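Below you'll find the structure, written out as structure tokens, and then a few comments.
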Protein chains: 2
Amino acid sequence: MSIVLDGKATSNQIKEELAVQVTEIKNAGKRPPHLAAVLVGNDGASLTYVGSKVRSCERIGYDSTLIKLEDTITQEALINTIDKLNNDPLLDGFIVQLPLPKHIDEEAVLHAIEPSKDVDGFHPTNFGKMALGMETFIPATPFGIMELLKRYALNISGKHAVVIGRSHIVGRPMSILLSEKGNPGNATVTLTHSRTQNLAAITKEADIIVSALGVPNFVTADMVKQDAIIIDVGITRVPDANHPKGYVIVGDVAYDEVKDKASYITPVPGGVGPMTIAMLLQNTMLAYQRNQN
Amino acid sequence: MSIVLDGKATSNQIKEELAVQVTEIKNAGKRPPHLAAVLVGNDGASLTYVGSKVRSCERIGYDSTLIKLEDTITQEALINTIDKLNNDPLLDGFIVQLPLPKHIDEEAVLHAIEPSKDVDGFHPTNFGKMALGMETFIPATPFGIMELLKRYALNISGKHAVVIGRSHIVGRPMSILLSEKGNPGNATVTLTHSRTQNLAAITKEADIIVSALGVPNFVTADMVKQDAIIIDVGITRVPDANHPKGYVIVGDVAYDEVKDKASYITPVPGGVGPMTIAMLLQNTMLAYQRNQN
């Protein structure tokens with residue numbers, strides 16, 4: 001029997017802790033932290049994510065601003081908007097929700113964000129600091145996973161962690177954070193990806209698996225060692241006529257068969273997803289504190 | 001029988017290619033690339049390295065400047081020197097030789113270098129670009145190893161690479177570069193370090209081993225799979241009364257016993273070391289070209 005790593009409950013606890021800080025800030029007569037989100041176009045999933053981020057801000061007492069832009073906006077106009085946000089002294093941090101329309105160069109846009117306001121941690125300067133073990137904004141999804149391991153007091157020092165997927169947003173930073181000095185940290189980390197040969201042979205040796213592939217039910221019980229820790233970053237929308245929304249969210253891990261083999265496992269939904277939002281709020285608090293100094 | 005990856009010959013070839021470029025530049029009536037090196041104190045190894053870098057510049061026709069500072073210099077004075085170099089339009093790139101005296105914060109000094117002149121690639125902005133797969137100055141030692149693999153046309157895609165050591169200068173960037181998309185690249189990479197359990201079991205599975213530990217003769221034949229590619233980054237000075245210099249340079253790999261098992265292997269000296277200098281010169285050429293545009 002495995003223990004469920006309850007991302008939802010942990011996320012709520014982090015939000016409560018942040019709400020307490022906000023109350024103290026307001027009681028001291030100061031303005032609260034302020035996060036803005038830039039949304040380009042009307043992608044359904046993006047609307048959901050951004051809406052959830054804005055609501056979370058409101059719930060814990062942050063100021064929040066949602067900037068909705070047409071998907072016909074030019075790259076230049078988008079970067080002008082970002083410049084205004086960069087220069088707004090009452091804004092602590094902001095995110096640009098991905099993906100962007102195809103006519104816009106995502107890299108150019110992300111690099112236009114002032115690093116001190118880049119609470120997603122995607123700017124090269126922040127990414128470099130993270131990779132060099134310095135204090136910075138850590139991308140929210142891998143940060144959330146580290147925080148989950150920390151709050152459940154799981155010791156990964158010297159253990160073998162296998163990360164599936166080398167995206168800049170999850171897999172790559174995850175592989176770095178797990179192997180850095182610190183607690184949690186100090187794991188021996190193998191980063192696997194689409195070109196990896198004999199993946200199952202590698203995952204079977206893992207004490208910890210972090211799957212960030214985006215393929216439903218990819219990690220099956222035969223790929224997992226007894227008592228491994230399983231972290232599922234997958235959130236694929238699979239059409240389901242029986243569900244009121246017309247789809248269900250499915251993880252990378254075949255949960256029902258893997259859960260009996262794992263020592264700890266994150267569910268989907270309710271695992272890594274809620275942690276991501278909590279850590280975005282945490283990064284915003286850090287940006288606020290720096291902005292106040 | 002293994003094939004020796006001849007870093008000295010490859011390094012000389014790269015230098016010759018750069019020298020041809022320099023001749024073309026000079027023939028076009030332009031100034032050549034210009035590299036400066038800052039050396040603080042009189043550490044023997046540092047003097048050797050810096051001297052070698054300066055001589056290499058001269059040999060291929062670069063301008064070079066050696067700035068020698070007393071080891072009593074304050075951090076502030078050192079950073080003032082760096083500021084001057086940052087603002088010198090006729091200087092394309094510079095390095096600060098490590099280690100620095102203990103009263104100086106190395107991180108603060110390295111971060112004072114303007115990223116566009118940071119030909120060592122240690123600044124967070126450059127390190128982040130490297131980790132995000134963007135064009136930038138790549139730290140010279142891992143860059144040299146990638147170039148060696150490239151020039152010997154060794155295909156590592158999908159192969160299992162094991163990196164020993166997680167330093168910011170070698171192990172960490174090496175683990176990233178080997179796993180990035182590209183050729184060479186696309187390897188499945190395991191980063192191991194002082195906390196790793198059962199290291200030998202991991203290295204025995206490796207198609208490629210990169211050892212950057214600094215412990216003489218650490219990697220023995222029993223830790224190596226038949227036909228593995230062996231890259232030895234170790235350059236430890238071991239006292240030797242029979243040698244005119246009073247020491248010999250010894251690598252991390254027990255060369256005599258490992259060489260018969262490996263398919264390819266770098267010697268020490270004459271392997272990774274010379275490549276490091278060649279790639280520093282390559283980075284300086286890139287800085288020059290950017291500076292001219």
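Following the order of the structure tokens, chains are lettered A, B, ..., residues in each are numbered from 1, and ligands are numbered from 1.
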Set the distance at 7 Å and use only C-alpha atoms: which residues neighbour region 32-46 of chain B once local chain neighbours fewer than 6 positions away are removed? I'd like the list as number ranges by chain.
B: 22, 25-26, 62-71, 91-97, 100, 284-285, 288
Residues of chain A within 10 Å of chain B, counting only C-alpha atoms, what are they? List them as a ChimeraX atom specification.
/A:107,122-134,157-162,166-169,172-173,175-176,179-181,185-199,202
Kindly save the residues from that selection, with N, CA and C atoms included, as a CSV table (one decimal), in the first residue's frame.
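Produced file selection12.csv, reproduced below:
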```
chain,number,residue,atom,x,y,z
A,107,GLU,N,10.4,32.6,-27.0
A,107,GLU,CA,11.7,32.8,-26.3
A,107,GLU,C,11.9,34.4,-26.2
A,122,PHE,N,11.6,31.4,-15.9
A,122,PHE,CA,12.0,30.9,-17.2
A,122,PHE,C,13.0,31.8,-17.9
A,123,HIS,N,13.3,33.0,-17.4
A,123,HIS,CA,14.4,33.8,-18.0
A,123,HIS,C,15.7,33.2,-17.8
A,124,PRO,N,16.6,33.3,-18.8
A,124,PRO,CA,17.9,32.6,-18.7
A,124,PRO,C,18.7,33.0,-17.4
A,125,THR,N,18.6,34.3,-17.0
A,125,THR,CA,19.3,34.7,-15.8
A,125,THR,C,18.8,33.9,-14.5
A,126,ASN,N,17.5,33.8,-14.4
A,126,ASN,CA,17.0,33.0,-13.3
A,126,ASN,C,17.2,31.5,-13.4
A,127,PHE,N,17.1,31.0,-14.7
A,127,PHE,CA,17.4,29.6,-14.9
A,127,PHE,C,18.8,29.3,-14.6
A,128,GLY,N,19.7,30.2,-14.9
A,128,GLY,CA,21.2,30.0,-14.6
A,128,GLY,C,21.4,30.0,-13.1
A,129,LYS,N,20.8,30.9,-12.4
A,129,LYS,CA,21.0,31.0,-11.0
A,129,LYS,C,20.5,29.7,-10.3
A,130,MET,N,19.3,29.2,-10.8
A,130,MET,CA,18.8,27.9,-10.3
A,130,MET,C,19.8,26.8,-10.6
A,131,ALA,N,20.4,26.8,-11.8
A,131,ALA,CA,21.3,25.7,-12.1
A,131,ALA,C,22.6,25.8,-11.4
A,132,LEU,N,22.9,27.0,-10.9
A,132,LEU,CA,24.1,27.2,-10.1
A,132,LEU,C,23.9,27.2,-8.6
A,133,GLY,N,22.6,26.8,-8.2
A,133,GLY,CA,22.3,26.6,-6.8
A,133,GLY,C,22.1,27.9,-6.0
A,134,MET,N,21.8,29.0,-6.7
A,134,MET,CA,21.7,30.3,-6.1
A,134,MET,C,20.2,30.6,-5.8
A,157,SER,N,18.5,11.8,-0.5
A,157,SER,CA,20.0,11.9,-0.6
A,157,SER,C,20.6,10.6,-1.0
A,158,GLY,N,21.4,10.6,-2.0
A,158,GLY,CA,22.1,9.3,-2.5
A,158,GLY,C,21.2,8.4,-3.2
A,159,LYS,N,19.9,8.7,-3.2
A,159,LYS,CA,18.9,7.8,-3.9
A,159,LYS,C,19.0,8.0,-5.4
A,160,HIS,N,18.5,7.1,-6.2
A,160,HIS,CA,18.6,7.2,-7.7
A,160,HIS,C,17.2,7.7,-8.2
A,161,ALA,N,17.2,8.9,-8.7
A,161,ALA,CA,16.0,9.5,-9.3
A,161,ALA,C,16.1,9.5,-10.8
A,162,VAL,N,15.0,9.1,-11.4
A,162,VAL,CA,14.9,9.1,-12.9
A,162,VAL,C,13.8,10.1,-13.3
A,166,ARG,N,12.7,16.1,-20.9
A,166,ARG,CA,13.7,17.1,-20.7
A,166,ARG,C,13.3,18.5,-21.1
A,167,SER,N,12.0,18.8,-20.9
A,167,SER,CA,11.5,20.1,-21.2
A,167,SER,C,12.1,21.1,-20.3
A,168,HIS,N,12.2,22.4,-20.8
A,168,HIS,CA,12.8,23.5,-20.0
A,168,HIS,C,12.0,23.8,-18.8
A,169,ILE,N,10.7,23.5,-18.9
A,169,ILE,CA,9.8,23.9,-17.8
A,169,ILE,C,9.7,22.9,-16.7
A,172,ARG,N,14.1,19.3,-17.3
A,172,ARG,CA,15.5,19.8,-17.1
A,172,ARG,C,15.7,20.5,-15.7
A,173,PRO,N,14.8,21.4,-15.3
A,173,PRO,CA,15.1,22.0,-14.0
A,173,PRO,C,14.9,20.9,-12.9
A,175,SER,N,15.7,17.8,-13.0
A,175,SER,CA,16.9,17.0,-12.9
A,175,SER,C,18.0,17.7,-12.2
A,176,ILE,N,18.0,19.0,-12.3
A,176,ILE,CA,19.0,19.8,-11.7
A,176,ILE,C,18.7,19.9,-10.2
A,179,SER,N,19.4,16.9,-7.9
A,179,SER,CA,20.8,16.5,-7.7
A,179,SER,C,21.6,17.6,-7.0
A,180,GLU,N,21.0,18.8,-6.8
A,180,GLU,CA,21.8,19.8,-6.1
A,180,GLU,C,22.0,19.5,-4.6
A,181,LYS,N,23.0,20.1,-4.0
A,181,LYS,CA,23.2,20.0,-2.6
A,181,LYS,C,21.9,20.6,-1.9
A,185,GLY,N,17.4,16.9,-1.9
A,185,GLY,CA,18.4,17.1,-2.9
A,185,GLY,C,19.4,16.0,-2.8
A,186,ASN,N,20.6,16.1,-3.4
A,186,ASN,CA,21.7,15.2,-3.3
A,186,ASN,C,21.3,13.8,-3.9
A,187,ALA,N,20.3,13.8,-4.7
A,187,ALA,CA,20.0,12.5,-5.4
A,187,ALA,C,20.9,12.3,-6.6
A,188,THR,N,21.1,11.0,-6.9
A,188,THR,CA,21.8,10.7,-8.2
A,188,THR,C,20.7,10.7,-9.2
A,189,VAL,N,20.9,11.5,-10.3
A,189,VAL,CA,19.8,11.8,-11.2
A,189,VAL,C,20.1,11.3,-12.6
A,190,THR,N,19.2,10.6,-13.2
A,190,THR,CA,19.2,10.2,-14.6
A,190,THR,C,18.1,10.9,-15.3
A,191,LEU,N,18.5,11.7,-16.3
A,191,LEU,CA,17.5,12.4,-17.2
A,191,LEU,C,17.3,11.6,-18.4
A,192,THR,N,16.1,11.2,-18.6
A,192,THR,CA,15.7,10.4,-19.8
A,192,THR,C,14.8,11.2,-20.7
A,193,HIS,N,14.7,10.8,-22.0
A,193,HIS,CA,13.9,11.6,-23.0
A,193,HIS,C,13.6,10.7,-24.2
A,194,SER,N,13.1,11.3,-25.2
A,194,SER,CA,12.6,10.6,-26.4
A,194,SER,C,13.7,9.7,-27.0
A,195,ARG,N,14.9,10.1,-26.9
A,195,ARG,CA,16.0,9.3,-27.5
A,195,ARG,C,16.5,8.2,-26.6
A,196,THR,N,16.1,8.1,-25.4
A,196,THR,CA,16.6,7.1,-24.4
A,196,THR,C,16.3,5.7,-24.9
A,197,GLN,N,17.3,4.9,-24.8
A,197,GLN,CA,17.2,3.5,-25.2
A,197,GLN,C,16.9,2.7,-23.9
A,198,ASN,N,16.1,1.7,-23.9
A,198,ASN,CA,15.8,0.8,-22.8
A,198,ASN,C,15.3,1.6,-21.5
A,199,LEU,N,14.3,2.5,-21.8
A,199,LEU,CA,13.8,3.3,-20.7
A,199,LEU,C,13.3,2.4,-19.5
A,202,ILE,N,15.9,1.4,-17.1
A,202,ILE,CA,16.4,2.5,-16.3
A,202,ILE,C,15.4,2.8,-15.2
```
Residues within 7 Å of Asp227 (chain B), only C-alpha atoms, excluding chain neighbours under 3 positions, as a PyMOL selection string:
chain B and resi 261-263
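Picture a line from CA of Ile249 (chain B) to CA of Pro142 (chain B); it runs 19.5 Å.
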As a compact mmCIF listing (two decimals) with N, CA and C atoms, in the first residue's frame, please: the residues near Asp232 (chain A) (cut-off 7 Å, only C-alpha atoms, same-chain neighbours under 3 positions excluded).
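Wrote part06.txt, looks like this:
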```txt
# COMPACT_ATOMS: atom_id res chain seq x y z
N VAL A 210 10.14 10.71 -11.66
CA VAL A 210 9.35 11.91 -11.95
C VAL A 210 9.02 11.86 -13.43
N SER A 211 7.75 11.67 -13.75
CA SER A 211 7.37 11.56 -15.16
C SER A 211 6.73 12.86 -15.64
N ALA A 212 7.37 13.49 -16.63
CA ALA A 212 6.87 14.75 -17.19
C ALA A 212 6.88 14.63 -18.70
N GLY A 251 -3.00 11.34 -15.98
CA GLY A 251 -1.56 11.49 -15.73
C GLY A 251 -0.72 10.57 -16.60
N ASP A 252 0.61 10.69 -16.44
CA ASP A 252 1.54 9.82 -17.16
C ASP A 252 1.60 8.41 -16.56
N VAL A 253 1.14 8.30 -15.31
CA VAL A 253 1.31 7.05 -14.57
C VAL A 253 -0.01 6.26 -14.55
N THR A 266 1.92 10.49 -6.25
CA THR A 266 1.04 11.66 -6.42
C THR A 266 -0.13 11.27 -7.32
N VAL A 272 0.65 17.08 -8.31
CA VAL A 272 1.61 18.13 -8.66
C VAL A 272 0.90 19.43 -9.08
```
One decimal, Å: what's the distance from CA of Ile164 (chain B) over to CA of Leu178 (chain A), could you say?
15.7 Å
State, in Å with one decimal place, the distance from CA of Glu106 (chain A) to CA of Val268 (chain A).
27.9 Å
Can you pull out the residues contacting Asp6 (chain A)? Cut-off 8 Å, using only C-alpha atoms, and skip same-chain residues under 5 positions away; I want them as a list of chain:residue names.
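Those residues are A:Thr266, A:Pro267, A:Gly270, A:Gly271.
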For the residues selected in the previous step, produce a file with N, CA and C atoms as a PDB file, in the first residue's frame.
```
ATOM      1  N   THR A 266       1.921  10.488  -6.250  1.00  0.00           N
ATOM      2  CA  THR A 266       1.038  11.657  -6.424  1.00  0.00           C
ATOM      3  C   THR A 266      -0.132  11.265  -7.316  1.00  0.00           C
ATOM      4  N   PRO A 267      -1.341  11.649  -6.935  1.00  0.00           N
ATOM      5  CA  PRO A 267      -2.494  11.394  -7.801  1.00  0.00           C
ATOM      6  C   PRO A 267      -2.602  12.463  -8.894  1.00  0.00           C
ATOM      7  N   GLY A 270      -4.838  16.530  -8.320  1.00  0.00           N
ATOM      8  CA  GLY A 270      -4.694  16.641  -6.871  1.00  0.00           C
ATOM      9  C   GLY A 270      -3.291  16.362  -6.364  1.00  0.00           C
ATOM     10  N   GLY A 271      -2.339  16.236  -7.302  1.00  0.00           N
ATOM     11  CA  GLY A 271      -0.961  15.982  -6.883  1.00  0.00           C
ATOM     12  C   GLY A 271      -0.088  17.184  -7.186  1.00  0.00           C
TER      13      GLY A 271
END
```
